[in-house]
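A.B. asks: Take this structure, written in C-alpha cells, and hold onto it; I'll ask about it next.
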Amino acid sequence: MSWKSEVDEIRRRRERAILQGGEADIQRQHDKGRLTIRERIAALIDEGSFEEIGKAAGASERGENGEFLEFKPANFVLGFANVDGRQIVVGGEDFTLKGGSPSPAGLRKSVYAEDLALQYKMPLVRLHEGAGGSVGGSGGPSLPGPVFSPSRFKSVGQTLGTLPVASAALGAVAGLPAARLVSSHFSVMSKSTAQLLVAGPAVVERAMGEKLTKDELGGVQIHTRNGAVDNAAEDETEALAQIRRFLSYMPNNVWELAPVVGCDDPVDRQEEALLDIVPRERRRAFDMRRVLSLILDHDSFFEMGKGYGRSQITGLARLNGHVVGVWANDGRHLAGSMTADGAQKAQRFIELCETFHIPIVAFVDEPGFMIGSKAEQEATIRHGARTVITAAMTTVPWASVMVRRSFGVAQAAHYGPEPYVLAWPSAESGPLPVEGGVAVAYRREIAAAEDPDAKRQELEEMLAARQSPFPRSEALAVHELIDPRETRPMLCRWLDRVQGQLPHLLGPRTFSLRP
C-alpha cells in the first residue's frame with residue numbers, strides 16, 4: 001500500500017489552482033484589459049521567485065464513495081517572492097473566481113497576509129481587485145467570531161508600524177479590500193482599469209438615488225485628489241513598476257536601515273542653473289521640482305501624492321546613494337501655502353520617514369497657513385498644528401534648506417527638533433510675509449498717503465530688507481548662508497555625518513498618529 005492516490009490528488013488540486021476560474025473567465029479578464037492575479041504577481045516580482053502559500057486551500061467535491069471529483073481554489077493568491085533580490089510577501093484577490101468576492105478560504109488567506117509579513121518581518125504588497133463580500137454570502141460568516149471583528153484589523157495596524165506596505169488597485173476595489181488598499185504606506189491606482197469604492201453603482205443608486213458609473217463614483221481622478229490613494233499609473237504595468245520603485249527606497253522592516261546603492265552622480269556637482277532659478281522679483285513663482293532635480297541624485301526623486309495637497313511636494317530620493325525623504329513647497333500652487341490637505345499630506349509623509357528611520361530634507365518656501373473662509377471651514381489650523389507637532393516629535397536627522405519664504409507658525413513644521421539649516425541668499429523669514437504684515441501694521445499710514453500704492457511698496461521693500469538671511473547668519477540663526485550651487489555637496493556631507501545616528505533609532509516608533 002502507498003499514498004499514491006492522495007499524492008495524485010494533491011497534484012490535481014495544484015494544477016486546478018493554477019487554472020484559476022478557468023479559460024473562459026481568464027479570457028473575460030483579458031478582454032476587459034486586465035491581468036489575472038497570477039500574471040500581476042509575475043510582472044511584479046523577480047522571474048521564477050514566487051513561492052505560493054496555501055495553493056491547496058479551497059473547497060472540494062467528492063462522490064458517494066469519497067472519491068475526489070472537483071476542487072475550487074481559494075480566490076486569493078498569496079506567497080513569498082523576490083523583488084530586486086529582496087524577499088517580500090505578496091498577495092491579491094483572484095477576480096476570475098466569484099469576481100474577487102472572498103470565498104471562505106480566500107478570506108482566510110487574505111487575512112493571513114498581514115500575519116505572514118509580520119512573522120517574517122518582510123515588506124507586504126497587496127494587489128487588489130474585488131469586493132469584501134456579497135449579499136448571497138461569502139467567506140466571512142463561516143469564520144469564528146464577528147464578520148468584521150476589530151481584531152481582524154489589528155494585524156493591518158501592526159504592519160503599518162513595523163514594515164513597508166504597498167498596495168495597488170488594479171480593478172474595481174470595494175469593501176474590505178478597499179479598506180486595506182488605503183491602509184498602506186504607498187498606494188497606486190491604474191487609470192485604465194481601477195476604481196476604489198465603498199459601494200458600487202447599483203448599491204449607491206438604490207440607497208442614494210445617484211446614478212453614476214464606477215469611474216464617476218470612484219475613479220482615479222477622484223481618489224488621487226482627495227488623498228485616499230497616493231499615485232496614479234497609466235496602466236497595470238506602470239502601477240507595478242511604481243511599487244517596485246517604492247520598495248527600492250524602503251528597508252525590510254523597522255529593525256533595518258534603508259538600502260544604500262552605488263552612486264555615479266558626483267557629490268561635488270554644482271549646477272549653474274541654481275544661481276538664478278529663484279527670481280529676484282519676490283512675487284514671481286519658480287519650479288521647485290526643477291530645484292530638486294538639480295540637487296538630488298540624478299533621476300532619484302520618486303514623488304508621492306502629487307495630485308493631493310498640491311502646495312506641498314513629498315517623495316523619496318537619494319543623495320550619494322543614501323535614501324532621504326524630501327518635502328518641499330510648490331509656490332506655483334496657492335503660493336506654496338499650507339492648506340488643510342497639504343498639512344495632512346505632509347504629516348503622513350513625516351510619519352513614514354520617522355517610522356522607517358529615513359532622514360528628512362526640507363526645501364522651504366513656506367508663506368504660512370492658507371487663509372480665507374475656505375481655509376477656516378477646512379480646519380486648516382487644526383491640521384496644520386498637528387503637522388507642526390508631528391515634526392517636533394521626530395527623531396530622524398533633519399536638514400532644511402531655506403530657498404525662499406519661511407513665515408508664520410507653519411514654517412515650524414519644516415525644521416524638525418534639531419535641524420541642520422542652510423539658507424540661500426533668496427531666503428526671507430519672519431512672523432509674517434511682508435505683504436500681509438504691512439497691510440495690517442501700516443493700514444492707517446497707507447490710507448493717509450498721497451499715493452497709497454507707492455507708500456505700500458516703499459514699506460514692503462523696507463521690511464523685506466529686514467527679513468534678509470544675512471542678519472540671521474550673523475546671529476547663527478542659520479548654520480550656513482550658502483551659494484545655492486553648494487547645496488548638493490553640503491547636503492551630501494551632512495548625510496555622511498548623520499549616518500552614525502541611524503542605527504540607534506532602529507525599532508518601532510511609538511509616537512505615530514496613523515493610520
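Here's how to read the names in the C-alpha cells: chain A, B, ... by the order shown, residue numbers from 1 in each chain, ligand numbers from 1 in the order shown.
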Can you list every residue in segment 202-398 of chain A that DSSP puts in helix (DSSP H, G or I), as a ChimeraX atom specification?

C.D. replies: /A:202-208,214-218,220-223,236-249,272-275,288-295,334-336,340-355,373-377,380-392

A.B. asks: Which neighbours of Thr162 of chain A fall inside 7 Å, counting only C-alpha atoms, when residues of the same chain fewer than 4 positions from it are skipped, and could you give them as a ChimeraX atom specification?

C.D. replies: /A:158,253-254,508

A.B. asks: Neighbouring residues of Leu505 of chain A were defined as those with any atom within 12 Å, considering only C-alpha atoms; residues of the same chain fewer than 5 positions away were excluded. Please report them as a VMD selection string.

C.D. replies: chain A and resid 254 to 257 353 to 359 394 to 397 498 to 500 510

A.B. asks: Go ahead and write the selection's residues with N, CA, C and O atoms as a PDB file, in the first residue's frame.

C.D. replies:
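Here's the written file again32.pdb:
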ATOM      1  N   VAL A 254      11.406  47.863  10.398  1.00  0.00           N
ATOM      2  CA  VAL A 254      11.909  48.970  11.224  1.00  0.00           C
ATOM      3  C   VAL A 254      13.166  48.601  12.000  1.00  0.00           C
ATOM      4  O   VAL A 254      13.758  49.463  12.659  1.00  0.00           O
ATOM      5  N   TRP A 255      13.570  47.344  11.935  1.00  0.00           N
ATOM      6  CA  TRP A 255      14.801  46.924  12.598  1.00  0.00           C
ATOM      7  C   TRP A 255      16.011  46.986  11.663  1.00  0.00           C
ATOM      8  O   TRP A 255      17.108  46.613  12.026  1.00  0.00           O
ATOM      9  N   GLU A 256      15.761  47.454  10.433  1.00  0.00           N
ATOM     10  CA  GLU A 256      16.835  47.589   9.454  1.00  0.00           C
ATOM     11  C   GLU A 256      16.816  49.012   8.886  1.00  0.00           C
ATOM     12  O   GLU A 256      15.815  49.719   8.975  1.00  0.00           O
ATOM     13  N   LEU A 257      17.937  49.406   8.266  1.00  0.00           N
ATOM     14  CA  LEU A 257      18.026  50.714   7.634  1.00  0.00           C
ATOM     15  C   LEU A 257      17.717  50.606   6.147  1.00  0.00           C
ATOM     16  O   LEU A 257      17.831  49.529   5.542  1.00  0.00           O
ATOM     17  N   CYS A 353       8.676  58.675   7.143  1.00  0.00           N
ATOM     18  CA  CYS A 353      10.123  58.790   7.324  1.00  0.00           C
ATOM     19  C   CYS A 353      10.528  58.445   8.751  1.00  0.00           C
ATOM     20  O   CYS A 353      11.542  57.769   8.974  1.00  0.00           O
ATOM     21  N   GLU A 354       9.760  58.889   9.724  1.00  0.00           N
ATOM     22  CA  GLU A 354      10.068  58.590  11.123  1.00  0.00           C
ATOM     23  C   GLU A 354       9.945  57.093  11.393  1.00  0.00           C
ATOM     24  O   GLU A 354      10.782  56.503  12.073  1.00  0.00           O
ATOM     25  N   THR A 355       8.911  56.469  10.866  1.00  0.00           N
ATOM     26  CA  THR A 355       8.700  55.041  11.094  1.00  0.00           C
ATOM     27  C   THR A 355       9.878  54.219  10.590  1.00  0.00           C
ATOM     28  O   THR A 355      10.326  53.274  11.249  1.00  0.00           O
ATOM     29  N   PHE A 356      10.410  54.582   9.420  1.00  0.00           N
ATOM     30  CA  PHE A 356      11.459  53.774   8.799  1.00  0.00           C
ATOM     31  C   PHE A 356      12.838  54.435   8.870  1.00  0.00           C
ATOM     32  O   PHE A 356      13.741  54.076   8.124  1.00  0.00           O
ATOM     33  N   HIS A 357      12.982  55.418   9.791  1.00  0.00           N
ATOM     34  CA  HIS A 357      14.288  55.996  10.122  1.00  0.00           C
ATOM     35  C   HIS A 357      14.983  56.602   8.888  1.00  0.00           C
ATOM     36  O   HIS A 357      16.189  56.429   8.694  1.00  0.00           O
ATOM     37  N   ILE A 358      14.216  57.310   8.099  1.00  0.00           N
ATOM     38  CA  ILE A 358      14.739  57.937   6.887  1.00  0.00           C
ATOM     39  C   ILE A 358      14.960  59.425   7.146  1.00  0.00           C
ATOM     40  O   ILE A 358      14.015  60.142   7.512  1.00  0.00           O
ATOM     41  N   PRO A 359      16.191  59.938   6.999  1.00  0.00           N
ATOM     42  CA  PRO A 359      16.442  61.369   7.200  1.00  0.00           C
ATOM     43  C   PRO A 359      15.564  62.213   6.281  1.00  0.00           C
ATOM     44  O   PRO A 359      15.251  61.810   5.149  1.00  0.00           O
ATOM     45  N   THR A 394       9.722  64.253  15.900  1.00  0.00           N
ATOM     46  CA  THR A 394      10.553  63.312  15.149  1.00  0.00           C
ATOM     47  C   THR A 394      11.915  63.142  15.804  1.00  0.00           C
ATOM     48  O   THR A 394      12.400  64.012  16.534  1.00  0.00           O
ATOM     49  N   THR A 395      12.533  62.011  15.508  1.00  0.00           N
ATOM     50  CA  THR A 395      13.884  61.725  15.996  1.00  0.00           C
ATOM     51  C   THR A 395      14.885  61.555  14.866  1.00  0.00           C
ATOM     52  O   THR A 395      16.082  61.478  15.115  1.00  0.00           O
ATOM     53  N   VAL A 396      14.412  61.477  13.620  1.00  0.00           N
ATOM     54  CA  VAL A 396      15.324  61.287  12.498  1.00  0.00           C
ATOM     55  C   VAL A 396      16.099  62.576  12.222  1.00  0.00           C
ATOM     56  O   VAL A 396      15.618  63.678  12.514  1.00  0.00           O
ATOM     57  N   PRO A 397      17.308  62.464  11.663  1.00  0.00           N
ATOM     58  CA  PRO A 397      18.051  63.670  11.267  1.00  0.00           C
ATOM     59  C   PRO A 397      17.253  64.481  10.256  1.00  0.00           C
ATOM     60  O   PRO A 397      16.554  63.934   9.404  1.00  0.00           O
ATOM     61  N   VAL A 498      25.510  62.125   9.601  1.00  0.00           N
ATOM     62  CA  VAL A 498      24.413  61.633  10.441  1.00  0.00           C
ATOM     63  C   VAL A 498      24.196  60.125  10.326  1.00  0.00           C
ATOM     64  O   VAL A 498      23.356  59.580  11.050  1.00  0.00           O
ATOM     65  N   GLN A 499      24.938  59.452   9.452  1.00  0.00           N
ATOM     66  CA  GLN A 499      24.721  58.014   9.299  1.00  0.00           C
ATOM     67  C   GLN A 499      24.908  57.264  10.602  1.00  0.00           C
ATOM     68  O   GLN A 499      24.231  56.271  10.880  1.00  0.00           O
ATOM     69  N   GLY A 500      25.837  57.719  11.429  1.00  0.00           N
ATOM     70  CA  GLY A 500      26.080  57.037  12.696  1.00  0.00           C
ATOM     71  C   GLY A 500      24.934  57.135  13.675  1.00  0.00           C
ATOM     72  O   GLY A 500      24.833  56.325  14.615  1.00  0.00           O
ATOM     73  N   THR A 510       6.829  54.895  18.652  1.00  0.00           N
ATOM     74  CA  THR A 510       5.600  54.864  19.448  1.00  0.00           C
ATOM     75  C   THR A 510       4.761  56.123  19.299  1.00  0.00           C
ATOM     76  O   THR A 510       3.627  56.174  19.740  1.00  0.00           O
TER      77      THR A 510
END

A.B. asks: Provide the atom CA of Phe302 of chain A to atom CA of Gly325 of chain A distance in Å, to one decimal place.

C.D. replies: 9.7 Å

A.B. asks: Nearest to Ser184 of chain A: which of A:Pro425, A:Gly200, A:Pro164, A:Gly58 is it, counting only C-alpha atoms?

C.D. replies: A:Pro164

A.B. asks: What's the separation between atom CA of Gly384 of chain A and atom CA of Ser337 of chain A, in Å to one decimal place?

C.D. replies: 10.6 Å

A.B. asks: Need the shell around His414 of chain A: protein/DNA/RNA residues with any atom at most 7 Å away, counting only C-alpha atoms. Skip same-chain ones fewer than 3 positions apart. Format as a PDB file with all heavy atoms, in the first residue's frame?

C.D. replies:
ATOM      1  N   ALA A 362      14.139  69.172   3.892  1.00  0.00           N
ATOM      2  CA  ALA A 362      13.049  70.089   3.546  1.00  0.00           C
ATOM      3  C   ALA A 362      13.605  71.252   2.728  1.00  0.00           C
ATOM      4  O   ALA A 362      14.613  71.854   3.109  1.00  0.00           O
ATOM      5  CB  ALA A 362      12.370  70.604   4.799  1.00  0.00           C
ATOM      6  N   VAL A 364      12.447  74.792   1.759  1.00  0.00           N
ATOM      7  CA  VAL A 364      11.411  75.631   2.355  1.00  0.00           C
ATOM      8  C   VAL A 364      11.101  76.861   1.500  1.00  0.00           C
ATOM      9  O   VAL A 364      11.989  77.652   1.183  1.00  0.00           O
ATOM     10  CB  VAL A 364      11.830  76.089   3.768  1.00  0.00           C
ATOM     11  CG1 VAL A 364      10.676  76.814   4.455  1.00  0.00           C
ATOM     12  CG2 VAL A 364      12.309  74.908   4.613  1.00  0.00           C
ATOM     13  N   SER A 400      17.214  71.395   6.611  1.00  0.00           N
ATOM     14  CA  SER A 400      16.269  72.323   5.992  1.00  0.00           C
ATOM     15  C   SER A 400      17.028  73.351   5.173  1.00  0.00           C
ATOM     16  O   SER A 400      17.977  73.970   5.670  1.00  0.00           O
ATOM     17  CB  SER A 400      15.434  73.036   7.057  1.00  0.00           C
ATOM     18  OG  SER A 400      14.703  72.106   7.824  1.00  0.00           O
ATOM     19  N   GLN A 411       5.827  77.586   9.294  1.00  0.00           N
ATOM     20  CA  GLN A 411       7.237  77.354   8.976  1.00  0.00           C
ATOM     21  C   GLN A 411       7.880  76.376   9.947  1.00  0.00           C
ATOM     22  O   GLN A 411       8.824  75.654   9.596  1.00  0.00           O
ATOM     23  CB  GLN A 411       8.016  78.666   8.983  1.00  0.00           C
ATOM     24  CG  GLN A 411       8.148  79.337  10.350  1.00  0.00           C
ATOM     25  CD  GLN A 411       8.941  80.614  10.314  1.00  0.00           C
ATOM     26  OE1 GLN A 411      10.075  80.618   9.852  1.00  0.00           O
ATOM     27  NE2 GLN A 411       8.337  81.707  10.767  1.00  0.00           N
TER      28      GLN A 411
END

A.B. asks: Could you work out how far atom CA of His128 of chain A lies from atom CA of Ala241 of chain A, giving the answer in Å with one decimal?

C.D. replies: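 We find that atom CA of Ala241 of chain A and atom CA of His128 of chain A lie 15.4 Å from each other.
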
A.B. asks: Using only C-alpha atoms, which of the listed residues (A:Ile53, A:Val173, A:Val361, A:Ala475) sits closest to Ala17 of chain A?

C.D. replies: A:Ile53

A.B. asks: Compile the contact shell of Val401 of chain A as a list in words: residues with an atom at most 7 Å away, counting only C-alpha atoms, same-chain residues fewer than 2 positions apart removed.

C.D. replies: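 Near neighbours after the sequence-gap exclusion: Ala362, Phe363, Val364, Ala399, Val403, Val421, Leu422 and Ala423 of chain A.
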
A.B. asks: Write to file, as a PDB file, in the first residue's frame, the residues of the selection just made, with C-alpha atoms.

C.D. replies:
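Output (result_34.pdb):
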ATOM      1  CA  ALA A 362      13.049  70.089   3.546  1.00  0.00           C
ATOM      2  CA  PHE A 363      13.271  72.721   0.810  1.00  0.00           C
ATOM      3  CA  VAL A 364      11.411  75.631   2.355  1.00  0.00           C
ATOM      4  CA  ALA A 399      18.130  69.229   7.154  1.00  0.00           C
ATOM      5  CA  VAL A 403      15.094  78.523  -0.538  1.00  0.00           C
ATOM      6  CA  VAL A 421      19.729  74.751   8.392  1.00  0.00           C
ATOM      7  CA  LEU A 422      21.162  76.148   5.169  1.00  0.00           C
ATOM      8  CA  ALA A 423      19.921  79.433   3.699  1.00  0.00           C
TER       9      ALA A 423
END

A.B. asks: Compare A:Leu97, A:Ala131, A:Ala42, A:Ala427 by their minimum atom-to-atom distance to Asp25 of chain A, counting only C-alpha atoms, and give me the closest one.

C.D. replies: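 Of the candidates, the smallest distance to Asp25 of chain A is held by A:Leu97.
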
A.B. asks: Counting only C-alpha atoms, what is within 9 Å of Ala178 of chain A, bar same-chain residues fewer than 3 positions away, as JSON, numbers by chain?

C.D. replies: {"A": [128, 129, 130, 131, 132, 169, 173, 174, 175, 181, 182, 183, 196, 197, 198]}

A.B. asks: Extract the full set of strand (DSSP E or B) residues from segment 63-245 of chain A according to DSSP on the backbone, and format it as number ranges by chain.

C.D. replies: A: 68-73, 76-83, 86-93, 124-130, 165-174, 186-190, 195-197, 231-233

A.B. asks: Those residues with N, CA and C atoms, as a compact mmCIF listing (two decimals), in the first residue's frame please?

C.D. replies:
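Okay, out_23.txt is ready:
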# COMPACT_ATOMS: atom_id res chain seq x y z
N PHE A 68 -12.44 11.82 -5.16
CA PHE A 68 -12.25 13.24 -5.49
C PHE A 68 -12.89 13.54 -6.85
N LEU A 69 -13.75 14.57 -6.90
CA LEU A 69 -14.41 14.95 -8.14
C LEU A 69 -13.96 16.31 -8.66
N GLU A 70 -13.97 17.30 -7.80
CA GLU A 70 -13.70 18.67 -8.25
C GLU A 70 -13.06 19.47 -7.11
N PHE A 71 -12.29 20.47 -7.48
CA PHE A 71 -11.68 21.35 -6.50
C PHE A 71 -11.78 22.78 -6.99
N LYS A 72 -12.28 23.66 -6.13
CA LYS A 72 -12.33 25.09 -6.43
C LYS A 72 -11.33 25.80 -5.53
N PRO A 73 -10.30 26.40 -6.11
CA PRO A 73 -9.27 27.03 -5.28
C PRO A 73 -9.79 28.29 -4.60
N PHE A 76 -7.94 33.95 -3.43
CA PHE A 76 -6.89 34.87 -3.01
C PHE A 76 -5.58 34.12 -3.15
N VAL A 77 -4.63 34.71 -3.88
CA VAL A 77 -3.33 34.07 -4.11
C VAL A 77 -2.30 34.76 -3.23
N LEU A 78 -1.50 33.98 -2.51
CA LEU A 78 -0.59 34.53 -1.50
C LEU A 78 0.71 33.76 -1.50
N GLY A 79 1.82 34.46 -1.24
CA GLY A 79 3.09 33.76 -1.14
C GLY A 79 4.27 34.68 -0.94
N PHE A 80 5.45 34.08 -0.92
CA PHE A 80 6.71 34.80 -0.84
C PHE A 80 7.26 35.01 -2.25
N ALA A 81 8.02 36.07 -2.44
CA ALA A 81 8.66 36.31 -3.72
C ALA A 81 9.83 37.25 -3.51
N ASN A 82 10.62 37.44 -4.54
CA ASN A 82 11.72 38.39 -4.51
C ASN A 82 11.42 39.57 -5.43
N VAL A 83 11.79 40.75 -4.97
CA VAL A 83 11.76 41.96 -5.79
C VAL A 83 13.15 42.57 -5.71
N ARG A 86 15.24 41.03 -3.02
CA ARG A 86 14.79 41.11 -1.62
C ARG A 86 13.45 40.41 -1.47
N GLN A 87 13.31 39.64 -0.39
CA GLN A 87 12.09 38.88 -0.19
C GLN A 87 10.94 39.77 0.29
N ILE A 88 9.75 39.49 -0.23
CA ILE A 88 8.53 40.17 0.19
C ILE A 88 7.43 39.13 0.35
N VAL A 89 6.34 39.55 0.95
CA VAL A 89 5.09 38.79 0.94
C VAL A 89 4.16 39.50 -0.03
N VAL A 90 3.53 38.75 -0.93
CA VAL A 90 2.66 39.36 -1.93
C VAL A 90 1.38 38.55 -2.07
N GLY A 91 0.27 39.26 -2.24
CA GLY A 91 -1.00 38.56 -2.42
C GLY A 91 -2.04 39.46 -3.06
N GLY A 92 -3.12 38.83 -3.51
CA GLY A 92 -4.20 39.59 -4.11
C GLY A 92 -5.38 38.74 -4.46
N GLU A 93 -6.53 39.39 -4.66
CA GLU A 93 -7.76 38.68 -4.99
C GLU A 93 -7.71 38.13 -6.42
N LEU A 124 5.20 43.99 2.65
CA LEU A 124 3.95 43.38 2.18
C LEU A 124 3.43 44.16 0.98
N VAL A 125 3.08 43.42 -0.08
CA VAL A 125 2.48 44.02 -1.28
C VAL A 125 1.12 43.37 -1.51
N ARG A 126 0.09 44.21 -1.65
CA ARG A 126 -1.25 43.72 -1.94
C ARG A 126 -1.67 44.22 -3.32
N LEU A 127 -2.18 43.32 -4.15
CA LEU A 127 -2.63 43.67 -5.50
C LEU A 127 -4.14 43.42 -5.55
N HIS A 128 -4.90 44.50 -5.44
CA HIS A 128 -6.33 44.36 -5.17
C HIS A 128 -7.20 44.46 -6.43
N GLU A 129 -8.18 43.58 -6.46
CA GLU A 129 -9.33 43.69 -7.37
C GLU A 129 -10.41 42.79 -6.82
N GLY A 130 -11.44 43.40 -6.26
CA GLY A 130 -12.51 42.59 -5.71
C GLY A 130 -13.24 43.32 -4.61
N VAL A 165 4.36 48.65 3.59
CA VAL A 165 3.16 48.09 2.97
C VAL A 165 2.83 48.91 1.73
N ALA A 166 2.76 48.23 0.59
CA ALA A 166 2.40 48.89 -0.68
C ALA A 166 1.23 48.15 -1.29
N SER A 167 0.26 48.90 -1.80
CA SER A 167 -0.94 48.29 -2.37
C SER A 167 -1.28 48.95 -3.70
N ALA A 168 -1.88 48.14 -4.58
CA ALA A 168 -2.32 48.65 -5.88
C ALA A 168 -3.78 48.30 -6.10
N ALA A 169 -4.54 49.25 -6.64
CA ALA A 169 -5.89 48.98 -7.14
C ALA A 169 -5.76 48.77 -8.64
N LEU A 170 -6.09 47.56 -9.09
CA LEU A 170 -5.89 47.20 -10.49
C LEU A 170 -7.19 46.87 -11.19
N GLY A 171 -8.26 46.91 -10.46
CA GLY A 171 -9.61 46.76 -10.99
C GLY A 171 -10.53 47.46 -10.01
N ALA A 172 -11.81 47.13 -10.03
CA ALA A 172 -12.72 47.70 -9.05
C ALA A 172 -12.42 47.11 -7.68
N VAL A 173 -12.28 47.99 -6.68
CA VAL A 173 -11.92 47.56 -5.32
C VAL A 173 -12.96 48.14 -4.37
N ALA A 174 -13.59 47.29 -3.58
CA ALA A 174 -14.64 47.75 -2.66
C ALA A 174 -14.56 46.95 -1.37
N PHE A 186 2.17 53.16 0.81
CA PHE A 186 2.12 53.65 -0.57
C PHE A 186 1.01 52.92 -1.30
N SER A 187 0.18 53.68 -2.00
CA SER A 187 -0.91 53.09 -2.78
C SER A 187 -0.95 53.73 -4.15
N VAL A 188 -1.35 52.92 -5.13
CA VAL A 188 -1.37 53.38 -6.52
C VAL A 188 -2.58 52.78 -7.22
N MET A 189 -3.18 53.54 -8.14
CA MET A 189 -4.31 53.07 -8.93
C MET A 189 -3.96 53.10 -10.41
N SER A 190 -4.40 52.08 -11.13
CA SER A 190 -4.27 52.05 -12.58
C SER A 190 -5.39 52.88 -13.21
N GLN A 195 -10.99 51.30 -9.98
CA GLN A 195 -11.85 52.20 -9.23
C GLN A 195 -11.79 51.78 -7.76
N LEU A 196 -11.95 52.74 -6.89
CA LEU A 196 -11.99 52.50 -5.44
C LEU A 196 -13.35 52.92 -4.94
N LEU A 197 -14.07 52.00 -4.29
CA LEU A 197 -15.47 52.25 -3.96
C LEU A 197 -15.81 51.74 -2.57
N ASN A 231 -0.79 57.65 -5.67
CA ASN A 231 -0.36 57.89 -7.05
C ASN A 231 -1.29 57.26 -8.06
N ALA A 232 -1.25 57.80 -9.26
CA ALA A 232 -1.93 57.21 -10.41
C ALA A 232 -0.89 56.62 -11.35
N ALA A 233 -1.29 55.60 -12.08
CA ALA A 233 -0.43 54.98 -13.10
C ALA A 233 -1.24 54.81 -14.37

A.B. asks: Point out the residue among A:Leu107, A:Ile313, A:Val7, A:Val267 with the least atom-to-atom distance to Leu296 of chain A, counting only C-alpha atoms.

C.D. replies: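 Looking only at the distances to Leu296 of chain A, the closest residue turns out to be A:Val267.
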